[in-house]
Structure formats: C-alpha cells, structure tokens
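Visitor: The structure under discussion is supplied below as structure tokens; questions concerning it will follow.
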Amino acid sequence: MRNTLRQIKIGNTEINGAAALAPMAGCSDLPFRELCRSFGASYTVTEMVSAKGFVMGDRKSEELMRLGENEHPAAIQIFGSEPLYMAKAAEKALKFSPDIIDINMGCPATKIIKGSSGSALMKDPALAGRIVKEVVSAVNIPVTVKIRAGWDKNNINAVEFAKVLEQNGAAAICVHGRTKDQMYAPPVNLDIIRDVKMSVSIPVIGNGDIETPLDAKKMLDYTGCDLVMIGRGALGKPWLFKLINDYLEKGVIAEEPSIEERMEIMLFHIKRLCEHKGEYIGMLEARKHAAWYTKSLRGAAAYRRELSALKSFEELKAISERIIKEQKELI
C-alpha cells in the first residue's frame, strides 16, 4: 500500500494525518486530548462550551477551553442559538490561542436541543447560516461546523445545510452520518457523508462508527472525505490513532498493546487527570475511563463493578496490577 498520510488545510491551518479526535462532553478534556495526540491524533477539539455561559463569565467554560502547549492544531467548540453571543464567545475564546473555532450543530442531547442549539439548528438553516456568518466576521481564524445527517429520517438535509454553511464562510464541515433521532445506535450512513463531500468545495470530515483501522480506511475511500474524526472508538483505546496511521501509511495492522502496556497507559491517563482536576474529581471521572480500558478483557463486567467505586489512585494501581496477573494467567 502506498503512503496515504493526509495533509489538508482548513483555512490557514494545516493538519497532518488522517485521524482526529472528536469533541465529547465529559470525555475529551485536556488530559485525554493530550494522550490521544501522543498516539498520533492529527487534530483535537475541546468539549463543547456554552457560548452564552462563557460570555457571561462562567468559570467552568473557561477551564474547558484551555489548550495544552503541544496541542496544536486544535479547535475550541462552542454551542448556542444566538448569533450575537456566538460571535462574542468566539472572539473571547481567542485568548486561549485556538487554531480553529468549531460550532456544534450536531449534538442530539435533550438539554442542548431544548435551547434550540446543537442538532436543533438543522431545522433552521437560515439561523445556522447567520450564526456562521457572525462568528466568521468576529475572528481571524477558520470557523468549522459539526453537523448530523439531519433531524430525522424524514428530514435528512445535510447536503443543503452544508451548502448554506459554506456560503456563509464555514472553512470545513464535519458530518456525523446519523440523524438526531438515531443518536448513536444504527450503523453510520456513509452515503450522506459522501454526498456532502461532493456538494461543497471546502474540506469535509467524516464521523461515526470508527473503531478499527479498517473502519477509517473504508470511510475515507467510500466517502472521499478529507479526514476522519473518532469519538467513542478512542475511549479506553487512545492508541487507535497510531493503529490507523500505521495502516494507512504502511498497509499493516499493528498489534494491540499488551495487557501491561494497556494498564500503563491507563495509569498515565488517570494520573494526568488527577493532576489536572485534583484527585477527588479525577478519581470520580476515572471510574468511566478505567471501565473503558478494561473493555473486551475476560471478566470485564466484574472489573467494571469494582472500578465503579474507585476512590484513590493507589487503589487503581493495585487493581491494575491484579488485572495484569489475572489476564496473564488466562493466556
């Protein structure tokens, strides 16, 4: 297989590599983004931030926007339904030195769409266009948008919607190939990603169901998209980016990390999480991450039950040592 390492430009921002980390509320915080970057993620996006909350001085919003020193290129993602607040938030976010401002128009969560934000905007292309236009006018860096296939099976409008976004200045569009109603359940619709790619002249990023190097190559080849964005597939498996890069560049599927390596990566991740948020909060959040790291192991259900009550980093170290011992005994 020939070298297929991708190099694309979003506005004036260059991205080297085919696999990016998707924004995920409660998951893609700074420690996780930095970890994925160390495994070859070409581009990262923060957890979504309420534009109105940020403009009004919400401290949590500021924390979500902080980027790591080596975390570039990276985007800050904002959400909202009011063009003025969206523009003000984008302008204010520049103090964190993002390379890109990303607008969420794809989140299907009830609390987001109740505020006419996220995927609710796909029902109002005119408002979506005004938001993009105002944000583009407010900043001197590229503005991108993350969308879905549509609102429901009777309203799959990603192609028309993408054209409106491009006309109003969007520099790239990320398409999750499911409707809002589909959430994350049925297989991703590659056709809609392909159709969007064929309908606009700006870069298109494909998103949904990428859990293996083969999934990434299939989406790239079938849709012609410029980049793939990985979300849930990277949870508990940040090395997926390296596996994808190796496959696309060399045509080989590298071996998964050994159980010792997997636990070492987990401990490094959770240690950084505790350093970043304090051990109390870090260990509360570690419970879900540790469960993802043990997914697919023999006895994973029992491990998850134990990990759901984690209280300290030392406790996690002891459990990881036992997991290594028990998994090696099963070989």
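Within each chain, counting starts at residue 1; across the structure tokens, chains are named A, B, ... in the order shown, with ligands numbered 1 upward in that order.
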Where in stretch 12-225 of chain A does DSSP assign strand (DSSP E or B), given as an NGL selection string?

Guide: :A and (13-16 or 19-21 or 44-45 or 49-50 or 74-79 or 100-105 or 143-150 or 172-179 or 204-207)

Visitor: For stretch 51-59 of chain A, find every residue with an atom within 9 Å (counting only C-alpha atoms), except residues of its own chain fewer than 2 positions away, and show them as JSON, numbers by chain.

Guide: {"A": [49, 61, 62, 63, 64, 78, 79, 80, 81, 82, 85, 86, 87, 88, 89, 90, 92, 93]}

Visitor: Hey, can you spit out that residue selection with C-alpha atoms as a PDB file, in the first residue's frame?

Guide:
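File produced: again_23.pdb:
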```
ATOM      1  CA  VAL A  49     -18.807  25.150  25.636  1.00  0.00           C
ATOM      2  CA  SER A  61     -16.422  27.243  30.456  1.00  0.00           C
ATOM      3  CA  GLU A  62     -13.023  28.883  30.700  1.00  0.00           C
ATOM      4  CA  GLU A  63     -11.493  25.697  32.053  1.00  0.00           C
ATOM      5  CA  LEU A  64     -12.945  23.629  29.206  1.00  0.00           C
ATOM      6  CA  ILE A  78     -18.931  26.416  21.133  1.00  0.00           C
ATOM      7  CA  PHE A  79     -22.683  25.919  21.018  1.00  0.00           C
ATOM      8  CA  GLY A  80     -25.679  28.216  21.158  1.00  0.00           C
ATOM      9  CA  SER A  81     -28.510  29.606  19.076  1.00  0.00           C
ATOM     10  CA  GLU A  82     -27.972  33.366  19.327  1.00  0.00           C
ATOM     11  CA  TYR A  85     -23.479  35.528  21.771  1.00  0.00           C
ATOM     12  CA  MET A  86     -21.833  33.021  19.462  1.00  0.00           C
ATOM     13  CA  ALA A  87     -19.746  35.758  17.856  1.00  0.00           C
ATOM     14  CA  LYS A  88     -18.797  37.282  21.219  1.00  0.00           C
ATOM     15  CA  ALA A  89     -17.831  33.861  22.599  1.00  0.00           C
ATOM     16  CA  ALA A  90     -15.687  33.068  19.566  1.00  0.00           C
ATOM     17  CA  LYS A  92     -13.341  35.974  23.574  1.00  0.00           C
ATOM     18  CA  ALA A  93     -12.067  32.405  23.046  1.00  0.00           C
TER      19      ALA A  93
END
```

Visitor: For A:Lys237, find every residue with an atom within 9 Å (counting only C-alpha atoms), except residues of its own chain fewer than 2 positions away, and show them as an NGL selection string.

Guide: :A and (36 or 233-235 or 239-241 or 262 or 292-293)

Visitor: Could you write out the selected residues, including N, CA and C atoms, as a tab-separated table (two decimals), in the first residue's frame?

Guide:
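Saved to out.tsv:
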```tsv
chain	number	residue	atom	x	y	z
A	36	CYS	N	-4.27	11.35	23.39
A	36	CYS	CA	-4.57	10.96	22.00
A	36	CYS	C	-3.59	11.59	21.04
A	233	GLY	N	-14.85	5.47	19.72
A	233	GLY	CA	-13.89	4.41	19.42
A	233	GLY	C	-12.54	4.59	20.10
A	234	ALA	N	-12.25	5.83	20.54
A	234	ALA	CA	-10.97	6.10	21.18
A	234	ALA	C	-11.05	6.01	22.70
A	235	LEU	N	-12.25	5.87	23.26
A	235	LEU	CA	-12.39	5.80	24.71
A	235	LEU	C	-11.84	4.47	25.21
A	239	TRP	N	-4.69	4.54	21.64
A	239	TRP	CA	-3.70	4.08	20.66
A	239	TRP	C	-4.34	3.78	19.31
A	240	LEU	N	-5.67	3.90	19.20
A	240	LEU	CA	-6.34	3.67	17.92
A	240	LEU	C	-5.78	4.59	16.83
A	241	PHE	N	-5.39	5.79	17.20
A	241	PHE	CA	-4.83	6.73	16.21
A	241	PHE	C	-3.55	6.19	15.60
A	262	ARG	N	-1.37	-1.70	28.23
A	262	ARG	CA	-2.69	-1.10	28.36
A	262	ARG	C	-2.89	-0.50	29.75
A	292	TRP	N	-13.62	1.67	30.49
A	292	TRP	CA	-13.37	1.57	29.05
A	292	TRP	C	-12.04	0.86	28.77
A	293	TYR	N	-11.05	1.10	29.60
A	293	TYR	CA	-9.75	0.45	29.39
A	293	TYR	C	-9.81	-1.06	29.61
```

Visitor: Fewer than 2 positions away in the same chain doesn't count, so skip those; otherwise give me all residues within 12 Å of A:Val252, counting only C-alpha atoms, as a PDB file with C-alpha atoms, in the first residue's frame.

Guide:
```pdb
ATOM      1  CA  MET A   1       0.000   0.000   0.000  1.00  0.00           C
ATOM      2  CA  ARG A   2       1.318   3.409  -0.894  1.00  0.00           C
ATOM      3  CA  ASN A   3       1.840   6.098   1.700  1.00  0.00           C
ATOM      4  CA  PRO A 213      -8.106   0.984  11.087  1.00  0.00           C
ATOM      5  CA  LEU A 214     -10.304  -0.786   8.524  1.00  0.00           C
ATOM      6  CA  LYS A 242      -1.469   5.004  15.917  1.00  0.00           C
ATOM      7  CA  LEU A 243      -3.091   1.852  14.559  1.00  0.00           C
ATOM      8  CA  ILE A 244      -4.923   3.893  11.913  1.00  0.00           C
ATOM      9  CA  ASN A 245      -1.841   5.885  10.934  1.00  0.00           C
ATOM     10  CA  ASP A 246       0.259   2.721  10.637  1.00  0.00           C
ATOM     11  CA  TYR A 247      -2.362   1.041   8.470  1.00  0.00           C
ATOM     12  CA  LEU A 248      -2.830   3.993   6.149  1.00  0.00           C
ATOM     13  CA  GLU A 249       0.900   4.603   5.787  1.00  0.00           C
ATOM     14  CA  LYS A 250       2.263   1.060   5.720  1.00  0.00           C
ATOM     15  CA  ALA A 254      -0.153  -3.295  14.177  1.00  0.00           C
ATOM     16  CA  GLU A 255      -0.654  -5.363  17.296  1.00  0.00           C
TER      17      GLU A 255
END
```

Visitor: Tell me which of A:Thr13, A:Asn207, A:Ser199, A:Thr44 sits closest to A:Glu160, counting only C-alpha atoms.

Guide: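 Under the stated criterion, the closest residue is A:Ser199.
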
Visitor: Could you go through stretch 148-192 of chain A and tell me which residues DSSP, when run on the backbone, assigns to alpha helix (DSSP H), listing them as a list in words?

Guide: Ala158, Val159, Glu160, Phe161, Ala162, Lys163, Val164, Leu165, Glu166, Gln167, Leu190, Asp191 and Ile192 of chain A

Visitor: Just N, CA and C atoms for this one: save the residues we selected as a compact mmCIF listing (two decimals), in the first residue's frame.

Guide:
```
# COMPACT_ATOMS: atom_id res chain seq x y z
N ALA A 158 -28.49 17.23 5.23
CA ALA A 158 -27.09 17.60 5.42
C ALA A 158 -26.49 18.27 4.19
N VAL A 159 -26.86 17.82 3.00
CA VAL A 159 -26.27 18.41 1.78
C VAL A 159 -26.67 19.88 1.64
N GLU A 160 -27.97 20.16 1.72
CA GLU A 160 -28.45 21.53 1.60
C GLU A 160 -27.92 22.39 2.74
N PHE A 161 -27.90 21.82 3.92
CA PHE A 161 -27.43 22.53 5.11
C PHE A 161 -25.95 22.89 4.96
N ALA A 162 -25.16 21.94 4.49
CA ALA A 162 -23.73 22.18 4.30
C ALA A 162 -23.47 23.30 3.31
N LYS A 163 -24.27 23.37 2.27
CA LYS A 163 -24.11 24.44 1.27
C LYS A 163 -24.36 25.81 1.90
N VAL A 164 -25.36 25.89 2.77
CA VAL A 164 -25.65 27.15 3.46
C VAL A 164 -24.47 27.55 4.34
N LEU A 165 -23.90 26.60 5.04
CA LEU A 165 -22.76 26.87 5.91
C LEU A 165 -21.57 27.37 5.10
N GLU A 166 -21.30 26.70 3.99
CA GLU A 166 -20.19 27.12 3.13
C GLU A 166 -20.42 28.53 2.60
N GLN A 167 -21.62 28.82 2.17
CA GLN A 167 -21.93 30.15 1.62
C GLN A 167 -21.74 31.26 2.66
N LEU A 190 -22.76 6.23 5.42
CA LEU A 190 -21.61 6.76 4.68
C LEU A 190 -22.05 7.54 3.44
N ASP A 191 -23.21 7.19 2.91
CA ASP A 191 -23.68 7.87 1.70
C ASP A 191 -23.88 9.37 1.93
N ILE A 192 -24.41 9.74 3.09
CA ILE A 192 -24.66 11.16 3.33
C ILE A 192 -23.36 11.93 3.48
```

Visitor: Quick one: contact table of stretch 96-202 of chain A to stretch 19-35 of chain A, 10 Å max, nearest atom pair and distance in Å to one decimal per residue, counting only C-alpha atoms, chain and number order, as a tab-separated table?

Guide:
```
residue	atom	partner	partner_atom	distance
A:Asp102	CA	A:Pro23	CA	9.8
A:Asn104	CA	A:Pro23	CA	9.4
A:Cys107	CA	A:Met24	CA	9.7
A:Lys146	CA	A:Pro23	CA	9.7
A:Cys174	CA	A:Ala22	CA	9.6
```

Visitor: Leaving out A:Ser308 and any residue of its chain fewer than 3 positions from it, which residues lie within 6 Å of it when counting only C-alpha atoms, given as a list in words?

Guide: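 In the requested format, the answer is Arg287, Arg304 and Arg305 of chain A.
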
Visitor: I need the residues from that last selection saved to file as a compact mmCIF listing (two decimals), in the first residue's frame (with N, CA and C atoms), if you can.

Guide:
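Heads up, here's the output in result00.txt:
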```
# COMPACT_ATOMS: atom_id res chain seq x y z
N ARG A 287 -13.47 6.49 36.98
CA ARG A 287 -14.29 5.28 37.02
C ARG A 287 -14.75 4.87 35.62
N ARG A 304 -15.52 -3.84 35.91
CA ARG A 304 -16.30 -2.60 35.86
C ARG A 304 -17.02 -2.34 37.17
N ARG A 305 -17.57 -3.39 37.75
CA ARG A 305 -18.27 -3.21 39.03
C ARG A 305 -17.31 -2.71 40.10
```

Visitor: Please identify all polymer residues within 9 Å of A:Met266, counting only C-alpha atoms, omitting same-chain residues fewer than 5 positions from it, and present them as a count of residues only.

Guide: 7

Visitor: As a list in words, please: the residues near stretch 183-185 of chain A (cut-off 10 Å, only C-alpha atoms, same-chain neighbours under 6 positions excluded).

Guide: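 Everything that qualifies: Gly106, Cys107, Pro108, Ala109, Arg148, Asp152, His176, Gly177, Gly208, Asp209 and Arg232 of chain A.
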
Visitor: Could you jot down the atom CA of A:Ser312 to atom CA of A:Ile230 separation for me, Å, one decimal place?

Guide: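 So the answer is 29.6 Å.
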
Visitor: Pick the closest to A:Ser117 from A:Asp215, A:Gly206, A:Ser50, A:Ile265: which is it, counting only C-alpha atoms?

Guide: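 Among the listed residues, A:Ser50 lies closest to A:Ser117.
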